[in-house]
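Novice: Next comes the structure file entry_15.txt, holding compact mmCIF, C-alpha atoms and all ligand atoms.
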```
# COMPACT_ATOMS: atom_id res chain seq x y z
CA MET E 246 -2.50 -7.99 -7.48
CA MET E 247 -3.91 -5.86 -4.62
CA GLY E 248 -7.55 -6.99 -4.72
CA LYS E 249 -6.98 -10.64 -3.87
CA ASN E 250 -4.54 -9.81 -1.07
CA ILE E 251 -7.02 -7.36 0.44
CA ALA E 252 -9.70 -10.06 0.25
CA LEU E 253 -7.37 -12.44 2.11
CA VAL E 254 -6.82 -9.84 4.84
CA PHE E 255 -10.58 -9.33 5.39
CA ALA E 256 -11.15 -13.10 5.38
CA SER E 257 -9.01 -13.33 8.53
CA ASN E 258 -12.04 -12.20 10.52
CA PRO E 259 -14.90 -14.73 10.68
CA ASP E 260 -17.38 -11.88 11.17
CA PHE E 261 -16.92 -10.82 7.56
CA SER E 262 -17.95 -12.41 4.32
CA ILE E 263 -16.15 -11.15 1.26
CA THR E 264 -17.18 -10.94 -2.36
CA LEU E 265 -14.45 -10.35 -4.90
CA TYR E 266 -15.81 -8.73 -8.05
CA ARG E 267 -13.89 -9.19 -11.28
CA ARG E 268 -14.85 -8.57 -14.89
CA LYS E 269 -13.90 -12.07 -16.02
CA ALA E 270 -14.40 -15.32 -14.15
CA ALA E 271 -11.01 -16.51 -12.94
CA GLU E 272 -9.99 -18.68 -10.04
CA VAL E 273 -7.94 -16.76 -7.46
CA SER E 274 -7.71 -19.41 -4.71
CA ASP E 275 -4.49 -20.94 -6.04
CA SER E 276 -2.73 -17.61 -6.22
CA ILE E 277 -3.93 -16.71 -2.70
CA ARG E 278 -2.69 -20.13 -1.50
CA GLU E 279 0.69 -19.47 -3.09
CA ASN E 280 0.94 -15.98 -1.56
CA SER E 281 0.13 -17.42 1.86
CA GLN E 282 2.87 -20.07 1.88
CA PRO E 283 5.48 -17.86 3.63
CA LEU E 284 2.93 -17.10 6.38
CA ILE E 285 2.16 -20.79 6.81
CA ALA E 286 5.87 -21.66 6.85
CA LYS E 287 6.39 -19.19 9.74
CA GLY E 288 3.37 -20.46 11.67
CA LEU E 289 1.46 -17.17 11.29
CA MET E 290 -1.37 -19.07 9.63
CA ASN E 291 -2.04 -22.78 9.36
CA ALA E 292 -3.24 -24.60 6.27
CA ASP E 293 -6.74 -25.21 7.75
CA ASP E 294 -7.00 -21.54 8.66
CA LEU E 295 -6.18 -20.62 5.06
CA GLU E 296 -8.90 -22.93 3.72
CA GLU E 297 -11.38 -21.38 6.20
CA ARG E 298 -10.42 -17.93 4.93
CA LEU E 299 -10.85 -19.00 1.31
CA LYS E 300 -14.37 -20.25 2.14
CA ARG E 301 -15.28 -16.72 3.24
CA ILE E 302 -14.34 -15.29 -0.17
CA SER E 303 -16.84 -15.66 -3.00
CA LEU E 304 -16.25 -14.53 -6.55
CA THR E 305 -18.64 -12.73 -8.83
CA THR E 306 -18.52 -11.18 -12.29
CA ASP E 307 -21.98 -9.70 -11.86
CA LEU E 308 -22.42 -6.19 -10.47
CA GLU E 309 -26.10 -7.02 -9.87
CA ASN E 310 -25.05 -9.66 -7.32
CA ASP E 311 -26.95 -9.30 -4.02
CA ALA E 312 -23.66 -9.22 -2.14
CA ILE E 313 -22.86 -5.93 -3.88
CA LYS E 314 -26.33 -4.50 -3.36
CA ASN E 315 -26.14 -5.38 0.36
CA ALA E 316 -22.47 -4.61 0.93
CA ASP E 317 -21.52 -2.74 4.10
CA LEU E 318 -18.17 -1.70 2.67
CA VAL E 319 -16.60 -1.77 -0.81
CA ILE E 320 -12.88 -1.43 -1.56
CA GLU E 321 -12.04 -0.61 -5.16
CA ALA E 322 -8.67 -1.83 -6.53
CA VAL E 323 -8.96 -1.43 -10.31
CA PHE E 324 -6.31 0.03 -12.65
CA GLU E 325 -4.91 3.43 -11.70
CA ASP E 326 -7.17 5.40 -14.05
CA MET E 327 -9.29 8.32 -12.82
CA VAL E 328 -12.15 7.92 -15.30
CA LEU E 329 -12.35 4.17 -14.71
CA LYS E 330 -12.46 4.66 -10.94
CA GLN E 331 -15.14 7.35 -11.20
CA GLU E 332 -17.21 5.09 -13.46
CA ILE E 333 -16.93 2.13 -11.09
CA PHE E 334 -18.11 4.22 -8.14
CA ALA E 335 -21.00 5.68 -10.19
CA LYS E 336 -22.10 2.10 -10.92
CA LEU E 337 -21.69 1.15 -7.27
CA GLU E 338 -23.65 4.18 -6.07
CA ALA E 339 -26.50 3.18 -8.37
CA ARG E 340 -26.58 -0.28 -6.78
CA CYS E 341 -25.40 -0.09 -3.16
CA ARG E 342 -27.26 1.14 -0.08
CA ARG E 343 -27.04 4.80 0.94
CA ASP E 344 -24.92 3.84 3.96
CA THR E 345 -22.49 1.52 2.16
CA ILE E 346 -18.97 2.80 2.77
CA PHE E 347 -16.86 3.33 -0.35
CA CYS E 348 -13.06 3.06 -0.27
CA THR E 349 -10.46 3.44 -2.99
CA ASN E 350 -7.11 1.73 -2.82
CA SER E 351 -5.48 4.19 -5.21
CA SER E 352 -1.79 4.75 -4.39
CA VAL E 353 -1.68 8.31 -5.67
CA MET E 354 -5.04 9.55 -6.92
CA SER E 355 -7.03 12.03 -4.89
CA PRO E 356 -10.08 10.57 -3.10
CA SER E 357 -11.74 14.00 -3.46
CA GLU E 358 -11.40 13.77 -7.24
CA ILE E 359 -12.39 10.10 -7.48
CA SER E 360 -15.56 10.79 -5.45
CA ALA E 361 -16.24 14.21 -7.04
CA LYS E 362 -19.24 13.09 -9.10
CA LEU E 363 -20.93 10.97 -6.43
CA LYS E 364 -24.18 12.04 -4.88
CA TYR E 365 -23.26 11.02 -1.32
CA ARG E 366 -19.61 11.89 -0.83
CA ASP E 367 -19.52 11.70 2.98
CA ARG E 368 -19.32 7.87 2.86
CA PHE E 369 -16.14 7.85 0.76
CA VAL E 370 -12.48 7.59 1.92
CA GLY E 371 -9.15 6.43 0.54
CA THR E 372 -7.73 3.20 2.01
CA HIS E 373 -4.18 2.91 0.79
CA PHE E 374 -2.92 -0.63 1.37
CA TRP E 375 0.77 -1.24 0.73
CA ASN E 376 2.06 -4.02 -1.46
CA PRO E 377 2.09 -6.92 -0.58
CA GLY E 378 -1.28 -6.10 0.94
CA HIS E 379 -1.44 -9.24 3.11
CA LEU E 380 2.03 -8.61 4.62
CA ILE E 381 2.46 -4.85 5.15
CA PRO E 382 0.40 -3.79 8.18
CA LEU E 383 -0.07 -0.10 7.33
CA VAL E 384 -3.23 1.20 5.66
CA GLU E 385 -3.50 4.97 5.20
CA VAL E 386 -7.10 6.12 5.60
CA ILE E 387 -7.40 9.35 3.63
CA LYS E 388 -10.21 11.82 4.18
CA SER E 389 -11.41 13.55 1.03
CA ASP E 390 -12.70 17.13 1.12
CA ALA E 391 -16.14 15.65 1.90
CA SER E 392 -15.53 12.45 3.94
CA SER E 393 -17.36 12.41 7.26
CA ASP E 394 -15.50 11.76 10.51
CA GLU E 395 -17.93 8.91 11.11
CA THR E 396 -16.92 7.18 7.86
CA ALA E 397 -13.21 7.55 8.61
CA ASP E 398 -13.75 6.23 12.17
CA LYS E 399 -15.68 3.20 10.98
CA VAL E 400 -13.09 2.33 8.35
CA MET E 401 -10.27 2.65 10.92
CA LYS E 402 -12.16 0.26 13.24
CA VAL E 403 -12.84 -2.28 10.49
CA LEU E 404 -9.18 -2.25 9.43
CA SER E 405 -8.08 -2.82 13.02
CA ALA E 406 -10.55 -5.70 13.23
CA VAL E 407 -8.72 -7.46 10.38
CA GLY E 408 -5.30 -6.97 11.96
CA LYS E 409 -4.15 -3.92 9.99
CA LYS E 410 -2.49 -0.79 11.37
CA PRO E 411 -4.67 2.05 10.06
CA VAL E 412 -3.39 5.63 10.22
CA LEU E 413 -5.51 8.69 9.48
CA CYS E 414 -4.44 11.16 6.82
CA LYS E 415 -6.58 14.16 7.76
CA ARG E 416 -6.19 15.98 4.44
CA ASP E 417 -6.25 14.78 0.86
CA VAL E 418 -2.70 15.63 -0.27
CA PRO E 419 -0.52 14.02 -2.99
CA GLY E 420 1.50 11.13 -1.54
CA PHE E 421 -0.70 11.01 1.59
CA ILE E 422 1.67 10.46 4.57
CA ALA E 423 4.15 7.67 3.98
CA ASN E 424 4.90 8.14 0.27
CA ARG E 425 5.76 11.80 0.84
CA MET E 426 8.51 10.67 3.22
CA GLN E 427 9.54 7.70 1.12
CA HIS E 428 10.04 9.84 -1.99
CA ALA E 429 11.80 12.63 -0.09
CA LEU E 430 14.36 9.94 0.79
CA TRP E 431 14.49 8.54 -2.77
CA ARG E 432 15.03 12.05 -4.18
CA GLU E 433 18.06 12.56 -1.94
CA ALA E 434 19.36 9.02 -2.62
CA ILE E 435 19.24 9.61 -6.40
CA TYR E 436 20.83 13.05 -5.94
CA ILE E 437 23.78 11.55 -4.04
CA VAL E 438 24.43 9.16 -6.96
CA GLU E 439 23.91 11.94 -9.53
CA GLN E 440 26.41 14.19 -7.73
CA GLY E 441 29.04 11.40 -7.71
CA ILE E 442 29.11 11.27 -3.90
CA ALA E 443 28.52 7.50 -3.79
CA ASP E 444 27.25 4.76 -6.12
CA ALA E 445 23.78 3.22 -5.86
CA LYS E 446 24.82 0.10 -3.98
CA THR E 447 26.69 2.19 -1.40
CA VAL E 448 23.71 4.52 -0.92
CA ASP E 449 21.44 1.53 -0.22
CA GLU E 450 23.99 0.01 2.17
CA ALA E 451 24.32 3.30 4.02
CA VAL E 452 20.58 3.14 4.73
CA ARG E 453 20.32 -0.59 5.44
CA TYR E 454 23.21 -0.65 7.91
CA SER E 455 22.35 2.54 9.80
CA PHE E 456 19.08 4.39 10.37
CA GLY E 457 17.22 1.79 8.28
CA LEU E 458 17.76 -0.68 11.13
CA ARG E 459 16.16 1.69 13.63
CA LEU E 460 13.19 2.75 11.51
CA PRO E 461 10.80 -0.15 12.25
CA GLN E 462 11.16 0.68 15.96
CA LEU E 463 11.85 4.41 16.00
CA GLY E 464 10.07 6.90 13.74
CA PRO E 465 11.81 10.14 12.72
CA LEU E 466 9.88 12.40 15.09
CA GLU E 467 10.35 10.19 18.17
CA ASN E 468 14.01 10.01 17.11
CA ALA E 469 14.20 13.83 16.93
CA ASP E 470 12.68 14.10 20.40
CA MET E 471 15.10 11.46 21.67
CA VAL E 472 18.22 13.27 20.46
CA GLY E 473 16.79 16.70 21.29
CA LEU E 474 15.16 19.40 19.18
CA ASP E 475 18.08 21.76 19.86
CA LEU E 476 20.41 19.31 18.13
CA THR E 477 17.86 18.74 15.36
CA TYR E 478 17.52 22.51 14.88
CA ASN E 479 21.27 23.04 14.61
CA ILE E 480 21.67 20.13 12.17
CA HIS E 481 18.87 21.41 9.97
CA GLU E 482 20.20 24.95 10.03
CA TYR E 483 23.56 23.65 8.76
CA ILE E 484 22.53 20.87 6.34
CA LEU E 485 19.14 21.56 4.73
CA ARG E 486 20.49 24.07 2.20
CA HIS E 487 22.79 21.31 0.85
CA LEU E 488 20.05 18.74 0.22
CA SER E 489 18.20 18.27 -3.04
CA ASP E 490 15.12 20.42 -3.48
CA GLN E 491 14.47 19.34 -7.09
CA LYS E 492 10.85 19.90 -8.07
CA GLU E 493 10.84 17.34 -10.90
CA PRO E 494 12.42 13.93 -11.55
CA SER E 495 16.20 14.20 -11.38
CA PRO E 496 18.29 14.46 -14.59
CA LEU E 497 19.83 11.06 -13.78
CA LEU E 498 16.42 9.41 -13.42
CA LYS E 499 15.24 11.10 -16.66
CA LYS E 500 18.34 9.82 -18.51
CA LEU E 501 17.85 6.21 -17.31
CA PHE E 502 14.13 6.43 -18.10
CA ASN E 503 14.81 7.72 -21.63
CA GLU E 504 17.40 4.98 -22.22
CA LYS E 505 14.77 2.41 -21.11
CA LYS E 506 17.00 1.33 -18.22
CA LEU E 507 14.06 0.57 -15.98
CA GLY E 508 15.53 -1.63 -13.24
CA PHE E 509 14.54 -5.28 -12.67
CA LYS E 510 12.24 -5.33 -15.70
CA THR E 511 15.08 -4.50 -18.16
CA GLY E 512 18.04 -5.83 -16.16
CA THR E 513 19.63 -2.38 -15.69
CA GLY E 514 18.59 0.57 -13.58
CA PHE E 515 20.69 2.31 -10.96
CA GLN E 516 22.49 -1.05 -10.88
CA GLU E 517 22.84 -4.11 -13.16
CA TRP E 518 20.49 -6.97 -12.25
CA ALA E 519 21.09 -10.59 -13.30
CA GLU E 520 18.06 -12.96 -13.19
CA GLU E 521 19.28 -14.76 -10.06
CA GLU E 522 20.02 -11.45 -8.28
CA LYS E 523 16.45 -10.28 -8.90
CA ALA E 524 15.07 -13.56 -7.54
CA VAL E 525 17.31 -13.32 -4.46
CA SER E 526 16.26 -9.71 -3.83
CA SER E 527 12.51 -10.45 -4.04
CA ALA E 528 12.75 -13.64 -1.95
CA ALA E 529 14.88 -11.86 0.68
CA LEU E 530 12.29 -9.08 0.97
CA ASN E 531 9.42 -11.53 1.47
CA GLU E 532 11.40 -13.52 4.03
CA TYR E 533 12.35 -10.33 5.87
CA LEU E 534 8.73 -9.11 5.98
CA VAL E 535 7.42 -12.45 7.24
CA ASN E 536 10.17 -12.57 9.91
CA MET E 537 9.26 -9.04 11.02
CA LEU E 538 5.58 -9.97 11.19
CA SER E 539 6.35 -13.12 13.09
CA HIS E 540 8.46 -11.14 15.58
CA ASN E 541 5.75 -8.51 16.05
CA PHE E 542 3.11 -11.21 16.35
CA THR E 543 5.09 -12.98 19.08
CA LYS E 544 5.67 -9.67 20.87
CA ALA E 545 1.95 -8.76 20.66
CA SER E 546 0.85 -12.14 22.04
CA LYS E 547 3.19 -11.71 25.03
CA GLU E 548 1.91 -8.18 25.80
N1 LIG E 601 0.73 -2.57 -7.00
C1 LIG E 601 1.01 -1.84 -5.94
O1 LIG E 601 2.14 -1.83 -5.43
C2 LIG E 601 -0.08 -1.03 -5.30
C3 LIG E 601 0.08 -0.64 -3.95
C4 LIG E 601 -0.94 0.10 -3.35
C5 LIG E 601 -2.06 0.46 -4.08
N2 LIG E 601 -2.16 0.08 -5.40
C6 LIG E 601 -3.37 0.50 -6.11
O2 LIG E 601 -4.27 -0.58 -6.24
C7 LIG E 601 -4.99 -0.47 -7.47
C8 LIG E 601 -4.81 -1.74 -8.26
O3 LIG E 601 -3.43 -1.96 -8.48
P1 LIG E 601 -2.85 -3.43 -8.79
O4 LIG E 601 -1.37 -3.30 -8.69
O5 LIG E 601 -3.56 -4.46 -7.97
O6 LIG E 601 -3.23 -3.55 -10.33
P2 LIG E 601 -3.58 -4.84 -11.20
O7 LIG E 601 -3.31 -4.45 -12.59
O8 LIG E 601 -2.93 -6.06 -10.65
O9 LIG E 601 -5.15 -4.97 -10.99
C9 LIG E 601 -6.05 -4.07 -11.56
C10 LIG E 601 -7.32 -4.82 -11.82
O10 LIG E 601 -8.29 -3.91 -12.34
C11 LIG E 601 -9.10 -4.66 -13.20
N3 LIG E 601 -9.91 -3.80 -14.04
C12 LIG E 601 -9.51 -3.01 -15.04
N4 LIG E 601 -10.58 -2.39 -15.61
C13 LIG E 601 -11.67 -2.79 -14.89
C14 LIG E 601 -13.06 -2.54 -15.00
N5 LIG E 601 -13.54 -1.74 -15.95
N6 LIG E 601 -13.87 -3.12 -14.12
C15 LIG E 601 -13.39 -3.94 -13.17
N7 LIG E 601 -12.08 -4.25 -13.03
C16 LIG E 601 -11.25 -3.68 -13.90
C17 LIG E 601 -8.10 -5.52 -13.97
O11 LIG E 601 -8.73 -6.61 -14.60
C18 LIG E 601 -7.17 -5.95 -12.85
O12 LIG E 601 -7.62 -7.16 -12.25
C19 LIG E 601 -4.48 0.78 -8.16
O13 LIG E 601 -5.31 1.86 -7.86
C20 LIG E 601 -3.11 0.98 -7.53
O14 LIG E 601 -2.70 2.34 -7.49
C21 LIG E 601 -1.22 -0.68 -5.99
```
Any chance you could give the structure as structure tokens?
Specialist:
Amino acid sequence: MMGKNIALVFASNPDFSITLYRRKAAEVSDSIRENSQPLIAKGLMNADDLEERLKRISLTTDLENDAIKNADLVIEAVFEDMVLKQEIFAKLEARCRRDTIFCTNSSVMSPSEISAKLKYRDRFVGTHFWNPGHLIPLVEVIKSDASSDETADKVMKVLSAVGKKPVLCKRDVPGFIANRMQHALWREAIYIVEQGIADAKTVDEAVRYSFGLRLPQLGPLENADMVGLDLTYNIHEYILRHLSDQKEPSPLLKKLFNEKKLGFKTGTGFQEWAEEEKAVSSAALNEYLVNMLSHNFTKASKE
């Protein structure tokens, strides 16, 4: 899922040629074409542009391929398995140049641990793309306990050169930057349902119709500065003791998990999901993201 979308992102820049390594030969062009349709429909990419991008992506199933031996930068996006990731990088280190930059797209695993057994650890960073990788601009660049500043700088520049919004996570911590905040919010959202304060649909609406609208424009810390840190201090002094500080998954989440009520994939989670409701939800998200990108793109071209 992530690998092909990351390849598409890099192919946006004609200065780069991309080699997608997979264990088994399989055509990915059709799935990349399909993923790109919403972008084409919104005029963010035209069909010729897409074909040009696809020409810059070659496929290989051979780790001895010259493209790997000569690579300037490698992004790993294999299964979320520590041993597998360590093995892949050991194989890469045996084949790539000393100055090839190594990146892992792991969502949660520590770049320090993934790179622990490498000989040259300074050239290694985490690059956490968000799904869908070709639509969400953010990439968290995570420094391990041994990444050099130079490596992090270069990776930030390369990501900017392919239209991404890189942010630097200066320390290797679980959840990096954005997932720590995302899951702090999810913990409280689940707690509100668990405590019978509101049902799941209401909790989501309370976000979508209030501060959720502001978030793409106004981050929490700019917001705090805007309303004043005296107000923020007083609110926190009053409210923080009432919020969830659970240190493990909530009892409600555990119950649903144990009952195999897993959300879209089983039809029931915090809410019931009919087939057409799932399709509407996924399509609405994609449409929303493409609209946001199109808006930002128009704004950026005017600036
Ligand atoms: N899916 C997401 O929302 C998301 C978001 C951000 C980051 N990530 C991270 O990206 C990585 C990949 O996730 P995904 O969702 O694309 O998974 P995926 O299952 O779609 O892809 C994993 C790929 O790894 C390949 N693979 C497995 N063993 C391999 C081996 N020995 N050698 C080479 N390839 C091998 C599989 O064939 C598969 O193509 C994970 O580290 C994940 O944490 C995922």
Novice: Select, counting all atoms listed in the file, all protein, DNA and RNA residues no farther than 10 Å from (-10.2, -3.2, 8.1) in file coordinates, and express the selection as JSON, numbers by chain.
Specialist: {"E": [251, 254, 255, 258, 318, 372, 384, 399, 400, 401, 402, 403, 404, 405, 406, 407, 408, 409, 410, 411]}
Novice: I'd like a table as JSON lines: residues in chain E with an atom no more than 10 Å from ligand LIG 601 (chain E), each row giving the shortest atom pair and its distance in Å to one decimal, only C-alpha atoms and all ligand atoms counted, sorted by chain and rising residue number.
Specialist:
```
{"residue": "E:Met246", "atom": "CA", "partner": "E:LIG601", "partner_atom": "O5", "distance": 3.7}
{"residue": "E:Met247", "atom": "CA", "partner": "E:LIG601", "partner_atom": "O5", "distance": 3.6}
{"residue": "E:Gly248", "atom": "CA", "partner": "E:LIG601", "partner_atom": "O5", "distance": 5.7}
{"residue": "E:Lys249", "atom": "CA", "partner": "E:LIG601", "partner_atom": "O5", "distance": 8.2}
{"residue": "E:Asn250", "atom": "CA", "partner": "E:LIG601", "partner_atom": "O5", "distance": 8.8}
{"residue": "E:Ile251", "atom": "CA", "partner": "E:LIG601", "partner_atom": "O5", "distance": 9.5}
{"residue": "E:Tyr266", "atom": "CA", "partner": "E:LIG601", "partner_atom": "C15", "distance": 7.4}
{"residue": "E:Arg267", "atom": "CA", "partner": "E:LIG601", "partner_atom": "N7", "distance": 5.5}
{"residue": "E:Arg268", "atom": "CA", "partner": "E:LIG601", "partner_atom": "C15", "distance": 5.2}
{"residue": "E:Lys269", "atom": "CA", "partner": "E:LIG601", "partner_atom": "O11", "distance": 7.7}
{"residue": "E:Ala271", "atom": "CA", "partner": "E:LIG601", "partner_atom": "O12", "distance": 10.0}
{"residue": "E:Thr306", "atom": "CA", "partner": "E:LIG601", "partner_atom": "C15", "distance": 8.9}
{"residue": "E:Leu308", "atom": "CA", "partner": "E:LIG601", "partner_atom": "C15", "distance": 9.7}
{"residue": "E:Ile320", "atom": "CA", "partner": "E:LIG601", "partner_atom": "O2", "distance": 9.8}
{"residue": "E:Glu321", "atom": "CA", "partner": "E:LIG601", "partner_atom": "C7", "distance": 7.4}
{"residue": "E:Ala322", "atom": "CA", "partner": "E:LIG601", "partner_atom": "C7", "distance": 4.0}
{"residue": "E:Val323", "atom": "CA", "partner": "E:LIG601", "partner_atom": "O10", "distance": 3.3}
{"residue": "E:Phe324", "atom": "CA", "partner": "E:LIG601", "partner_atom": "C9", "distance": 4.3}
{"residue": "E:Glu325", "atom": "CA", "partner": "E:LIG601", "partner_atom": "O13", "distance": 4.2}
{"residue": "E:Asp326", "atom": "CA", "partner": "E:LIG601", "partner_atom": "O13", "distance": 7.4}
{"residue": "E:Met327", "atom": "CA", "partner": "E:LIG601", "partner_atom": "O13", "distance": 9.1}
{"residue": "E:Val328", "atom": "CA", "partner": "E:LIG601", "partner_atom": "N5", "distance": 9.8}
{"residue": "E:Leu329", "atom": "CA", "partner": "E:LIG601", "partner_atom": "N5", "distance": 6.2}
{"residue": "E:Lys330", "atom": "CA", "partner": "E:LIG601", "partner_atom": "N5", "distance": 8.2}
{"residue": "E:Glu332", "atom": "CA", "partner": "E:LIG601", "partner_atom": "N5", "distance": 8.1}
{"residue": "E:Ile333", "atom": "CA", "partner": "E:LIG601", "partner_atom": "N6", "distance": 6.8}
{"residue": "E:Thr349", "atom": "CA", "partner": "E:LIG601", "partner_atom": "O13", "distance": 7.3}
{"residue": "E:Asn350", "atom": "CA", "partner": "E:LIG601", "partner_atom": "O2", "distance": 5.0}
{"residue": "E:Ser351", "atom": "CA", "partner": "E:LIG601", "partner_atom": "O13", "distance": 3.5}
{"residue": "E:Ser352", "atom": "CA", "partner": "E:LIG601", "partner_atom": "O14", "distance": 4.0}
{"residue": "E:Val353", "atom": "CA", "partner": "E:LIG601", "partner_atom": "O14", "distance": 6.3}
{"residue": "E:Met354", "atom": "CA", "partner": "E:LIG601", "partner_atom": "O14", "distance": 7.6}
{"residue": "E:Thr372", "atom": "CA", "partner": "E:LIG601", "partner_atom": "C5", "distance": 8.8}
{"residue": "E:His373", "atom": "CA", "partner": "E:LIG601", "partner_atom": "C5", "distance": 5.8}
{"residue": "E:Phe374", "atom": "CA", "partner": "E:LIG601", "partner_atom": "C4", "distance": 5.2}
{"residue": "E:Trp375", "atom": "CA", "partner": "E:LIG601", "partner_atom": "C4", "distance": 4.6}
{"residue": "E:Asn376", "atom": "CA", "partner": "E:LIG601", "partner_atom": "O1", "distance": 4.5}
{"residue": "E:Pro377", "atom": "CA", "partner": "E:LIG601", "partner_atom": "O1", "distance": 7.0}
{"residue": "E:Gly378", "atom": "CA", "partner": "E:LIG601", "partner_atom": "C3", "distance": 7.5}
{"residue": "E:Val384", "atom": "CA", "partner": "E:LIG601", "partner_atom": "C4", "distance": 9.4}
```
Novice: Find the distance between atom CA of Lys314 of chain E and atom CA of Glu338 of chain E and write it in Å to one decimal.
Specialist: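 According to the coordinates, atom CA of Lys314 of chain E and atom CA of Glu338 of chain E are separated by 9.5 Å.
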Novice: Tell me which of E:Asp394, E:Glu279, E:Glu517, E:Asp317 sits closest to Ala445 of chain E, counting all atoms listed in the file.
Specialist: E:Glu517
Novice: Would you list the contacts of segment 301-303 of chain E as an NGL selection string, taking every protein, DNA or RNA residue within 6 Å and counting all atoms listed in the file, but skipping same-chain residues closer than 6 positions in sequence?
Specialist: :E and (256 or 262-264)
Novice: Please report the interatomic distance between atom CA of Asn536 of chain E and atom CA of Val386 of chain E in Å with one decimal.
Specialist: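 Distance reported for this atom pair: 25.8 Å.
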Novice: Could you check which of E:Gln282, E:Ser455, E:Ser357, E:Phe509 is closest to Ser527 of chain E, using all atoms listed in the file?
Specialist: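 The closest residue to Ser527 of chain E is E:Phe509.
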Novice: Kindly give the distance, in Å, that separates atom CA of Arg459 of chain E and atom CA of Met471 of chain E, rounded to a single decimal.
Specialist: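 Those two atoms sit 12.7 Å apart.
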Novice: Looking at only C-alpha atoms, which of E:Pro259, E:Gly464, E:Gly514, E:Pro494 is the one that sits closest to Ala423 of chain E?
Specialist: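 Of the candidates, the smallest distance to Ala423 of chain E is held by E:Gly464.
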Novice: Would you mind telling me which residue in E:Leu530, E:Leu383, E:Ala429, E:Leu413 lies nearest to Glu493 of chain E when using only C-alpha atoms?
Specialist: E:Ala429
Novice: Looking at all atoms listed in the file, which of E:Lys523, E:Ala312, E:Glu439, E:Leu497 is the one that sits closest to Thr511 of chain E?
Specialist: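 Among E:Lys523, E:Ala312, E:Glu439, E:Leu497, it is E:Lys523 that comes nearest to Thr511 of chain E.
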Novice: Counting all atoms listed in the file, select every polymer residue within 7 Å of (-26.8, -2.7, -12.0) as defined in the file's coordinates, and provide the selection as an NGL selection string.
Specialist: :E and (308-309 or 336 or 339-340)
Novice: Just the residues within 6 Å of Pro356 of chain E, please, counting all atoms listed in the file, with nothing from its chain fewer than 2 positions along; format it as a ChimeraX atom specification.
Specialist: /E:358-360,371,389
Novice: Pick from E:Arg278, E:Lys492, E:Arg342, E:His540: nearest to Arg432 of chain E, with only C-alpha atoms counted?
Specialist: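 Counting only C-alpha atoms, the residue closest to Arg432 of chain E is E:Lys492.
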Novice: Per residue of segment 497-541 of chain E within 12 Å of segment 285-297 of chain E, note the shortest atom pair and the distance in Å to one decimal, counting all atoms listed in the file, and order the rows by chain and increasing residue number, as CSV.
Specialist:
```
residue,atom,partner,partner_atom,distance
E:Asn531,CA,E:Lys287,CA,11.7
E:Glu532,CA,E:Lys287,CA,9.5
E:Tyr533,CA,E:Lys287,CA,11.4
E:Leu534,CA,E:Lys287,CA,11.0
E:Val535,CA,E:Lys287,CA,7.3
E:Asn536,CA,E:Lys287,CA,7.6
E:Met537,CA,E:Lys287,CA,10.6
E:Leu538,CA,E:Leu289,CA,8.3
E:Ser539,CA,E:Leu289,CA,6.6
E:His540,CA,E:Lys287,CA,10.2
E:Asn541,CA,E:Leu289,CA,10.8
```
